[in-house]
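Chemist: Sharing run.pdb here; it has PDB, C-alpha atoms.
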ATOM      1  CA  MET A 121     104.045  73.369 104.403
ATOM      2  CA  ASP A 122     100.962  73.537 102.210
ATOM      3  CA  GLU A 123      98.970  75.235 104.975
ATOM      4  CA  LEU A 124     101.686  77.872 105.476
ATOM      5  CA  VAL A 125     101.854  78.566 101.745
ATOM      6  CA  GLU A 126      98.056  78.864 101.618
ATOM      7  CA  SER A 127      98.177  81.336 104.510
ATOM      8  CA  PHE A 128     100.752  83.399 102.589
ATOM      9  CA  ILE A 129      98.659  83.353  99.406
ATOM     10  CA  ASN A 130      95.622  84.540 101.384
ATOM     11  CA  TYR A 131      97.778  87.362 102.745
ATOM     12  CA  LEU A 132      98.767  88.397  99.213
ATOM     13  CA  ILE A 133      95.122  88.468  98.146
ATOM     14  CA  ALA A 134      93.575  90.085 101.229
ATOM     15  CA  GLU A 135      96.236  92.506 102.383
ATOM     16  CA  CYS A 136      98.405  93.211  99.375
ATOM     17  CA  GLY A 137      95.576  93.140  96.853
ATOM     18  CA  LEU A 138      97.754  91.595  94.137
ATOM     19  CA  SER A 139      96.250  90.711  90.777
ATOM     20  CA  LYS A 140      95.043  87.209  90.024
ATOM     21  CA  ASN A 141      97.922  86.567  87.604
ATOM     22  CA  THR A 142     100.533  87.700  90.133
ATOM     23  CA  VAL A 143      99.055  85.490  92.850
ATOM     24  CA  LEU A 144      99.015  82.547  90.423
ATOM     25  CA  SER A 145     102.706  83.179  89.686
ATOM     26  CA  TYR A 146     103.547  83.118  93.395
ATOM     27  CA  SER A 147     101.518  79.924  93.856
ATOM     28  CA  HIS A 148     103.289  78.273  90.904
ATOM     29  CA  ASP A 149     106.765  79.205  92.163
ATOM     30  CA  LEU A 150     106.058  78.032  95.711
ATOM     31  CA  ARG A 151     104.506  74.766  94.536
ATOM     32  CA  ILE A 152     107.698  73.999  92.589
ATOM     33  CA  PHE A 153     109.816  74.944  95.626
ATOM     34  CA  THR A 154     107.871  72.742  98.063
ATOM     35  CA  THR A 155     107.991  69.842  95.582
ATOM     36  CA  PHE A 156     111.775  70.288  95.413
ATOM     37  CA  LEU A 157     112.021  70.299  99.229
ATOM     38  CA  LEU A 158     110.006  67.102  99.520
ATOM     39  CA  SER A 159     112.298  65.452  96.958
ATOM     40  CA  LYS A 160     115.130  66.287  99.353
ATOM     41  CA  LYS A 161     113.207  64.794 102.310
ATOM     42  CA  ILE A 162     112.550  68.274 103.759
ATOM     43  CA  SER A 163     109.016  68.727 105.086
ATOM     44  CA  ASP A 164     109.537  71.773 107.325
ATOM     45  CA  PHE A 165     110.487  75.294 106.169
ATOM     46  CA  ASN A 166     112.568  75.601 109.347
ATOM     47  CA  ASN A 167     114.904  72.916 108.016
ATOM     48  CA  VAL A 168     115.771  74.846 104.847
ATOM     49  CA  ARG A 169     119.406  76.014 104.838
ATOM     50  CA  PRO A 170     121.280  78.407 102.509
ATOM     51  CA  ASP A 171     122.773  75.464 100.613
ATOM     52  CA  THR A 172     119.215  74.167 100.055
ATOM     53  CA  ILE A 173     118.362  77.427  98.279
ATOM     54  CA  THR A 174     121.540  77.166  96.224
ATOM     55  CA  SER A 175     120.651  73.583  95.240
ATOM     56  CA  PHE A 176     117.175  74.744  94.211
ATOM     57  CA  ILE A 177     118.654  77.460  91.981
ATOM     58  CA  ILE A 178     120.999  74.928  90.334
ATOM     59  CA  SER A 179     118.088  72.507  89.880
ATOM     60  CA  GLU A 180     115.953  75.160  88.193
ATOM     61  CA  LYS A 181     118.832  76.138  85.907
ATOM     62  CA  LYS A 182     119.261  72.502  84.870
ATOM     63  CA  ARG A 183     115.545  72.393  84.056
ATOM     64  CA  GLY A 184     116.234  75.086  81.474
ATOM     65  CA  LEU A 185     114.554  78.011  83.238
ATOM     66  CA  SER A 186     115.692  81.500  82.329
ATOM     67  CA  ILE A 187     117.501  83.737  84.806
ATOM     68  CA  LYS A 188     114.398  85.928  84.891
ATOM     69  CA  SER A 189     112.158  83.000  85.893
ATOM     70  CA  ILE A 190     114.606  81.796  88.544
ATOM     71  CA  THR A 191     114.919  85.301  89.944
ATOM     72  CA  ARG A 192     111.137  85.594  90.157
ATOM     73  CA  ALA A 193     110.948  82.259  92.001
ATOM     74  CA  ILE A 194     113.578  83.397  94.522
ATOM     75  CA  VAL A 195     111.629  86.606  95.085
ATOM     76  CA  SER A 196     108.487  84.537  95.759
ATOM     77  CA  ILE A 197     110.276  82.280  98.242
ATOM     78  CA  ARG A 198     112.014  85.200  99.947
ATOM     79  CA  MET A 199     108.678  86.964 100.449
ATOM     80  CA  LEU A 200     107.154  83.758 101.815
ATOM     81  CA  TYR A 201     109.929  83.573 104.406
ATOM     82  CA  ARG A 202     109.509  87.224 105.361
ATOM     83  CA  PHE A 203     105.795  86.622 105.875
ATOM     84  CA  LEU A 204     106.336  83.482 107.955
ATOM     85  CA  LEU A 205     108.924  85.241 110.110
ATOM     86  CA  SER A 206     106.568  88.171 110.731
ATOM     87  CA  GLU A 207     103.847  85.676 111.703
ATOM     88  CA  GLY A 208     106.177  83.887 114.132
ATOM     89  CA  LYS A 209     106.086  80.643 112.131
ATOM     90  CA  LEU A 210     109.861  80.424 111.564
ATOM     91  CA  ARG A 211     112.956  80.466 113.761
ATOM     92  CA  MET A 212     115.472  81.580 111.126
ATOM     93  CA  ASN A 213     115.713  82.955 107.602
ATOM     94  CA  PRO A 214     118.158  81.196 105.230
ATOM     95  CA  PHE A 215     117.974  84.166 102.853
ATOM     96  CA  THR A 216     120.051  86.386 105.162
ATOM     97  CA  VAL A 217     123.187  84.984 103.513
ATOM     98  CA  ILE A 218     121.785  84.518 100.011
ATOM     99  CA  ASP A 219     122.460  87.247  97.481
ATOM    100  CA  SER A 220     119.673  88.028  95.051
ATOM    101  CA  PRO A 221     118.683  90.898  92.807
ATOM    102  CA  LYS A 222     116.994  93.781  94.577
ATOM    103  CA  LEU A 223     113.216  93.797  94.390
ATOM    104  CA  TRP A 224     111.982  96.184  91.771
ATOM    105  CA  LYS A 225     110.310  99.244  93.206
ATOM    106  CA  LYS A 226     106.818  99.816  91.918
ATOM    107  CA  LEU A 227     105.094 103.093  92.645
ATOM    108  CA  PRO A 228     101.995 102.492  94.753
ATOM    109  CA  GLU A 229      98.680 102.834  92.977
ATOM    110  CA  VAL A 230      96.451 105.543  94.416
ATOM    111  CA  ILE A 231      92.703 106.169  94.311
ATOM    112  CA  SER A 232      91.609 109.718  93.571
ATOM    113  CA  ILE A 233      89.791 111.647  96.282
ATOM    114  CA  LYS A 234      86.708 111.739  94.052
ATOM    115  CA  LYS A 235      86.648 107.947  93.835
ATOM    116  CA  ILE A 236      87.322 107.651  97.569
ATOM    117  CA  ASP A 237      84.228 109.759  98.186
ATOM    118  CA  ALA A 238      82.223 107.551  95.831
ATOM    119  CA  LEU A 239      83.461 104.400  97.578
ATOM    120  CA  LEU A 240      82.679 105.696 101.073
ATOM    121  CA  SER A 241      79.169 106.719 100.042
ATOM    122  CA  VAL A 242      78.159 103.200  98.955
ATOM    123  CA  PRO A 243      77.172 101.527 102.285
ATOM    124  CA  ASP A 244      73.493 101.960 103.106
ATOM    125  CA  THR A 245      73.661 103.514 106.564
ATOM    126  CA  LYS A 246      69.969 102.785 107.108
ATOM    127  CA  THR A 247      70.791  99.084 107.518
ATOM    128  CA  LYS A 248      72.865  97.367 110.202
ATOM    129  CA  LEU A 249      75.198  95.792 107.654
ATOM    130  CA  GLY A 250      75.630  99.125 105.899
ATOM    131  CA  MET A 251      76.477 100.891 109.152
ATOM    132  CA  ARG A 252      79.115  98.297 109.968
ATOM    133  CA  ASN A 253      80.654  98.394 106.489
ATOM    134  CA  ASN A 254      80.611 102.191 106.548
ATOM    135  CA  ALA A 255      82.566 102.155 109.808
ATOM    136  CA  ILE A 256      85.104  99.733 108.324
ATOM    137  CA  LEU A 257      85.662 101.801 105.170
ATOM    138  CA  GLU A 258      85.897 105.089 107.068
ATOM    139  CA  LEU A 259      88.376 103.566 109.522
ATOM    140  CA  LEU A 260      90.542 102.104 106.749
ATOM    141  CA  TYR A 261      90.859 105.435 104.949
ATOM    142  CA  ALA A 262      91.072 107.554 108.123
ATOM    143  CA  THR A 263      93.994 105.586 109.568
ATOM    144  CA  GLY A 264      95.815 104.043 106.606
ATOM    145  CA  ALA A 265      95.891 100.847 108.664
ATOM    146  CA  ARG A 266      96.615  97.490 107.097
ATOM    147  CA  VAL A 267      93.584  95.255 106.680
ATOM    148  CA  SER A 268      95.015  92.769 109.197
ATOM    149  CA  GLU A 269      95.396  95.606 111.705
ATOM    150  CA  VAL A 270      91.770  96.682 111.295
ATOM    151  CA  ALA A 271      90.570  93.084 111.690
ATOM    152  CA  ALA A 272      92.581  92.801 114.920
ATOM    153  CA  ILE A 273      91.315  95.998 116.612
ATOM    154  CA  GLN A 274      90.021  95.310 120.119
ATOM    155  CA  MET A 275      87.238  97.254 121.804
ATOM    156  CA  ASP A 276      89.608  98.881 124.294
ATOM    157  CA  TRP A 277      92.011  99.965 121.542
ATOM    158  CA  ILE A 278      89.703 102.674 120.282
ATOM    159  CA  ASN A 279      88.911 105.944 122.064
ATOM    160  CA  LEU A 280      86.274 108.001 120.298
ATOM    161  CA  GLU A 281      86.264 110.743 122.921
ATOM    162  CA  TYR A 282      89.868 111.646 122.180
ATOM    163  CA  GLY A 283      89.727 110.457 118.569
ATOM    164  CA  TYR A 284      92.386 107.784 118.236
ATOM    165  CA  VAL A 285      92.818 104.059 117.698
ATOM    166  CA  LYS A 286      95.675 101.754 118.594
ATOM    167  CA  CYS A 287      97.006  99.604 115.766
ATOM    168  CA  LYS A 288      99.258  96.611 116.228
ATOM    169  CA  GLY A 289     101.405  96.207 113.127
ATOM    170  CA  LYS A 290     104.154  93.918 111.937
ATOM    171  CA  GLY A 291     106.261  92.439 114.697
ATOM    172  CA  SER A 292     103.469  93.323 117.172
ATOM    173  CA  LYS A 293     104.645  96.942 117.146
ATOM    174  CA  GLU A 294     101.958  99.275 118.450
ATOM    175  CA  ARG A 295     101.177 102.798 117.314
ATOM    176  CA  ILE A 296      98.471 105.355 117.967
ATOM    177  CA  VAL A 297      96.681 106.794 114.913
ATOM    178  CA  PRO A 298      94.260 109.749 114.979
ATOM    179  CA  LEU A 299      90.700 109.432 113.710
ATOM    180  CA  GLY A 300      88.871 112.077 111.710
ATOM    181  CA  GLY A 301      85.359 113.293 112.481
ATOM    182  CA  LYS A 302      83.621 111.145 109.854
ATOM    183  CA  ALA A 303      85.377 107.995 111.013
ATOM    184  CA  ILE A 304      84.495 108.761 114.640
ATOM    185  CA  ASP A 305      80.830 109.276 113.730
ATOM    186  CA  ALA A 306      80.721 106.068 111.653
ATOM    187  CA  VAL A 307      82.315 103.926 114.376
ATOM    188  CA  GLN A 308      80.124 105.509 117.061
ATOM    189  CA  THR A 309      76.988 104.685 115.066
ATOM    190  CA  TYR A 310      78.164 101.106 114.621
ATOM    191  CA  LEU A 311      78.932 100.739 118.328
ATOM    192  CA  THR A 312      75.601 102.212 119.373
ATOM    193  CA  ALA A 313      73.140 100.838 116.829
ATOM    194  CA  VAL A 314      74.693  97.651 115.475
ATOM    195  CA  ARG A 315      77.286  95.848 117.569
ATOM    196  CA  PRO A 316      75.178  95.446 120.755
ATOM    197  CA  LYS A 317      72.497  93.678 118.675
ATOM    198  CA  ILE A 318      74.898  91.119 117.180
ATOM    199  CA  LYS A 319      74.562  87.633 118.652
ATOM    200  CA  ASN A 320      76.913  87.081 121.614
ATOM    201  CA  SER A 321      78.722  90.363 120.885
ATOM    202  CA  TYR A 322      79.314  90.928 124.602
ATOM    203  CA  GLU A 323      81.531  87.824 124.639
ATOM    204  CA  SER A 324      83.928  89.179 122.004
ATOM    205  CA  THR A 325      86.706  91.723 122.517
ATOM    206  CA  TYR A 326      86.998  92.447 118.784
ATOM    207  CA  LEU A 327      85.602  95.685 117.364
ATOM    208  CA  PHE A 328      84.263  94.380 114.058
ATOM    209  CA  LEU A 329      82.082  91.281 114.087
ATOM    210  CA  SER A 330      80.172  89.176 111.575
ATOM    211  CA  LYS A 331      76.436  88.552 111.818
ATOM    212  CA  ALA A 332      77.242  85.408 113.811
ATOM    213  CA  GLY A 333      79.306  87.368 116.328
ATOM    214  CA  LYS A 334      82.655  86.097 115.039
ATOM    215  CA  PRO A 335      85.628  88.427 114.486
ATOM    216  CA  LEU A 336      85.840  89.560 110.866
ATOM    217  CA  ARG A 337      88.830  88.093 109.067
ATOM    218  CA  ARG A 338      90.971  90.215 106.774
ATOM    219  CA  GLU A 339      89.558  88.255 103.828
ATOM    220  CA  ASN A 340      86.053  89.382 104.839
ATOM    221  CA  ILE A 341      87.125  93.021 104.903
ATOM    222  CA  TRP A 342      88.837  92.671 101.520
ATOM    223  CA  VAL A 343      85.553  91.388 100.033
ATOM    224  CA  ILE A 344      83.632  94.306 101.584
ATOM    225  CA  VAL A 345      85.991  96.803  99.951
ATOM    226  CA  LYS A 346      85.842  95.016  96.599
ATOM    227  CA  ASN A 347      82.029  94.824  96.569
ATOM    228  CA  CYS A 348      81.618  98.464  97.564
ATOM    229  CA  ALA A 349      84.033  99.496  94.801
ATOM    230  CA  LEU A 350      81.962  97.604  92.242
ATOM    231  CA  LYS A 351      78.760  99.253  93.481
ATOM    232  CA  ALA A 352      80.485 102.644  93.255
ATOM    233  CA  GLY A 353      81.196 101.980  89.579
ATOM    234  CA  ILE A 354      84.964 102.006  90.080
ATOM    235  CA  ARG A 355      86.458  99.907  87.305
ATOM    236  CA  GLU A 356      90.037  99.790  88.546
ATOM    237  CA  HIS A 357      91.139  97.164  91.037
ATOM    238  CA  ILE A 358      90.515  98.353  94.602
ATOM    239  CA  SER A 359      91.915  96.757  97.745
ATOM    240  CA  PRO A 360      92.337  97.743 101.405
ATOM    241  CA  HIS A 361      96.039  98.233 100.744
ATOM    242  CA  LYS A 362      95.262 100.691  97.962
ATOM    243  CA  LEU A 363      93.272 102.684 100.532
ATOM    244  CA  ARG A 364      96.438 102.687 102.665
ATOM    245  CA  HIS A 365      98.449 104.010  99.702
ATOM    246  CA  SER A 366      95.813 106.674  99.094
ATOM    247  CA  PHE A 367      95.772 107.695 102.761
ATOM    248  CA  ALA A 368      99.521 108.383 102.712
ATOM    249  CA  THR A 369      99.563 110.097  99.315
ATOM    250  CA  HIS A 370      96.610 112.374 100.040
ATOM    251  CA  LEU A 371      98.181 113.462 103.328
ATOM    252  CA  LEU A 372     101.455 114.378 101.612
ATOM    253  CA  GLU A 373      99.669 116.141  98.753
ATOM    254  CA  ASN A 374      97.876 118.302 101.280
ATOM    255  CA  GLY A 375     101.017 119.325 103.144
ATOM    256  CA  ALA A 376     101.610 116.672 105.820
ATOM    257  CA  ASP A 377     105.262 116.124 106.759
ATOM    258  CA  LEU A 378     106.937 112.830 105.928
ATOM    259  CA  ARG A 379     107.833 111.930 109.528
ATOM    260  CA  SER A 380     104.218 112.196 110.670
ATOM    261  CA  VAL A 381     103.029 110.022 107.795
ATOM    262  CA  GLN A 382     105.766 107.507 108.619
ATOM    263  CA  GLU A 383     104.576 107.291 112.218
ATOM    264  CA  MET A 384     100.919 106.889 111.230
ATOM    265  CA  LEU A 385     101.755 104.142 108.727
ATOM    266  CA  GLY A 386     103.966 102.354 111.231
ATOM    267  CA  HIS A 387     107.008 102.241 108.956
ATOM    268  CA  VAL A 388     110.263 101.463 110.748
ATOM    269  CA  ASN A 389     112.399 103.193 108.115
ATOM    270  CA  ILE A 390     111.452 106.504 106.545
ATOM    271  CA  SER A 391     112.829 105.224 103.227
ATOM    272  CA  THR A 392     109.742 102.991 103.043
ATOM    273  CA  THR A 393     107.514 106.053 103.378
ATOM    274  CA  GLN A 394     109.522 108.095 100.872
ATOM    275  CA  ILE A 395     108.089 106.129  97.958
ATOM    276  CA  TYR A 396     104.888 108.139  98.449
ATOM    277  CA  THR A 397     106.764 111.376  97.771
ATOM    278  CA  HIS A 398     107.321 110.155  94.202
ATOM    279  CA  VAL A 399     103.584 109.762  93.780
ATOM    280  CA  SER A 400     103.054 113.212  95.279
ATOM    281  CA  LYS A 401     105.631 114.738  92.928
ATOM    282  CA  GLN A 402     103.846 113.160  89.985
ATOM    283  CA  HIS A 403     100.652 114.824  91.222
ATOM    284  CA  LEU A 404     102.425 118.193  91.281
ATOM    285  CA  LYS A 405     103.755 117.581  87.773
ATOM    286  CA  ASN A 406     100.243 116.810  86.523
ATOM    287  CA  VAL A 407      98.898 119.973  88.136
ATOM    288  CA  HIS A 408     101.705 122.010  86.546
ATOM    289  CA  GLN A 409     101.046 120.546  83.096
ATOM    290  CA  GLN A 410      97.328 121.147  83.415
ATOM    291  CA  PHE A 411      97.367 124.728  84.663
ATOM    292  CA  HIS A 412     100.650 126.365  83.654
ATOM    293  CA  PRO A 413     100.166 128.480  80.528
ATOM    294  CA  ARG A 414     103.460 127.330  78.966
ATOM    295  CA  ALA A 415     103.565 123.753  80.226
TER
END
Would you mind writing the file's structure down as structure tokens?
Modeler:
Amino acid sequence: MDELVESFINYLIAECGLSKNTVLSYSHDLRIFTTFLLSKKISDFNNVRPDTITSFIISEKKRGLSIKSITRAIVSIRMLYRFLLSEGKLRMNPFTVIDSPKLWKKLPEVISIKKIDALLSVPDTKTKLGMRNNAILELLYATGARVSEVAAIQMDWINLEYGYVKCKGKGSKERIVPLGGKAIDAVQTYLTAVRPKIKNSYESTYLFLSKAGKPLRRENIWVIVKNCALKAGIREHISPHKLRHSFATHLLENGADLRSVQEMLGHVNISTTQIYTHVSKQHLKNVHQQFHPRA
């Protein structure tokens, strides 16, 4: 169970870009939950039943925890189960019959276009490493793909002639996403000048490789984004997922229709995509307040 929890925590850090304090809270909640399971002789998440969750809630209440703390713990465990199901590590989800408060909806944080430009200008395209990192950053922002999706891209999933890349999202659902001119140029440069010179690159089917010829993990890409943001002088927290938020918001702000953005993001339900319209409306409100003479 510890390995599965660690995998989930890595996902929160690398793909969701959560703050250190939030990740620590998740880790704390899940450590208490796994300790409780072991006390009940349960060593496999697949063996957790709805009554096990109920017993855990009662146990936490007896320990004197507040409703708010218990609710947060249930949210942590529920998200762990969603992650494990999406990764094919579980057969069933005991939370399907457990009522809990709805997750609060937090508006996605967005990077301004000016800061995006600063971020994308950081990699030194005169070096092999810089050319690779430039291709990664351009691809992230051009497609709005999740960091795990970018790490998983295979060589035959990308077509620079027609300008598209195939992404395989949650539940192994595939979608085709267009590439812009700058992303095409960056990836083409990487494929021509860098990848063929990487050790044993011809043996790998993955697009992005490390110096040793190994596929880049999502954690590696997260570090690349973070380091480039620091070099760009961006003080706010930057993650690959924030680039995804920015991709969607900037498209909507510039007139893209919601259905198209939904398809490019790979959202099953348009309600998931609609959260970006709130960000876009806030942008319009800011513009109105700044430029209207009687705002």
Chemist: Could you tell me how far CA of Ala313 (chain A) lies from CA of Leu299 (chain A), in Å and to one decimal?
Modeler: 19.8 Å
Chemist: Taking into account only C-alpha atoms, which residue in the set A:Leu363, A:Ile390, A:Leu210, A:Leu372 is nearest to Val230 (chain A)?
Modeler: A:Leu363
Chemist: List the spatial neighbours of Phe153 (chain A) as number ranges by chain - criterion: any atom at most 10 Å away, only C-alpha atoms, same-chain residues fewer than 5 positions off excluded.
Modeler: A: 147-148, 158-159, 173, 176-177, 180, 193-194, 196-197
Chemist: Based on the selection just made, write C-alpha atoms of those residues as an mmCIF file, in the coordinates of the input.
Modeler:
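What ended up in out21.cif:
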data_model
loop_
_atom_site.group_PDB
_atom_site.id
_atom_site.type_symbol
_atom_site.label_atom_id
_atom_site.label_comp_id
_atom_site.auth_asym_id
_atom_site.auth_seq_id
_atom_site.Cartn_x
_atom_site.Cartn_y
_atom_site.Cartn_z
ATOM 1 C CA SER A 147 101.518 79.924 93.856
ATOM 2 C CA HIS A 148 103.289 78.273 90.904
ATOM 3 C CA LEU A 158 110.006 67.102 99.520
ATOM 4 C CA SER A 159 112.298 65.452 96.958
ATOM 5 C CA ILE A 173 118.362 77.427 98.279
ATOM 6 C CA PHE A 176 117.175 74.744 94.211
ATOM 7 C CA ILE A 177 118.654 77.460 91.981
ATOM 8 C CA GLU A 180 115.953 75.160 88.193
ATOM 9 C CA ALA A 193 110.948 82.259 92.001
ATOM 10 C CA ILE A 194 113.578 83.397 94.522
ATOM 11 C CA SER A 196 108.487 84.537 95.759
ATOM 12 C CA ILE A 197 110.276 82.280 98.242
#
Chemist: Evaluate the PyMOL selection byres ((chain A and resi 345-353) around 12) and record the selected residues as a PyMOL selection string, following the chain and residue labels used in the document.
Modeler: chain A and resi 133-135+137+231+234-244+250+253-261+267+338-344+354-363
Chemist: Please return, as a list in words, all polymer residues that have at least one atom within 10 Å of the point (106.2, 85.7, 92.0); use only C-alpha atoms and the file's own coordinate frame.
Modeler: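 Residues satisfying the cut-off, written out: Asn141, Thr142, Val143, Leu144, Ser145, Tyr146, Ser147, His148, Asp149, Leu150, Ser189, Ile190, Thr191, Arg192, Ala193, Ile194, Val195, Ser196, Ile197, Arg198 and Met199 of chain A.
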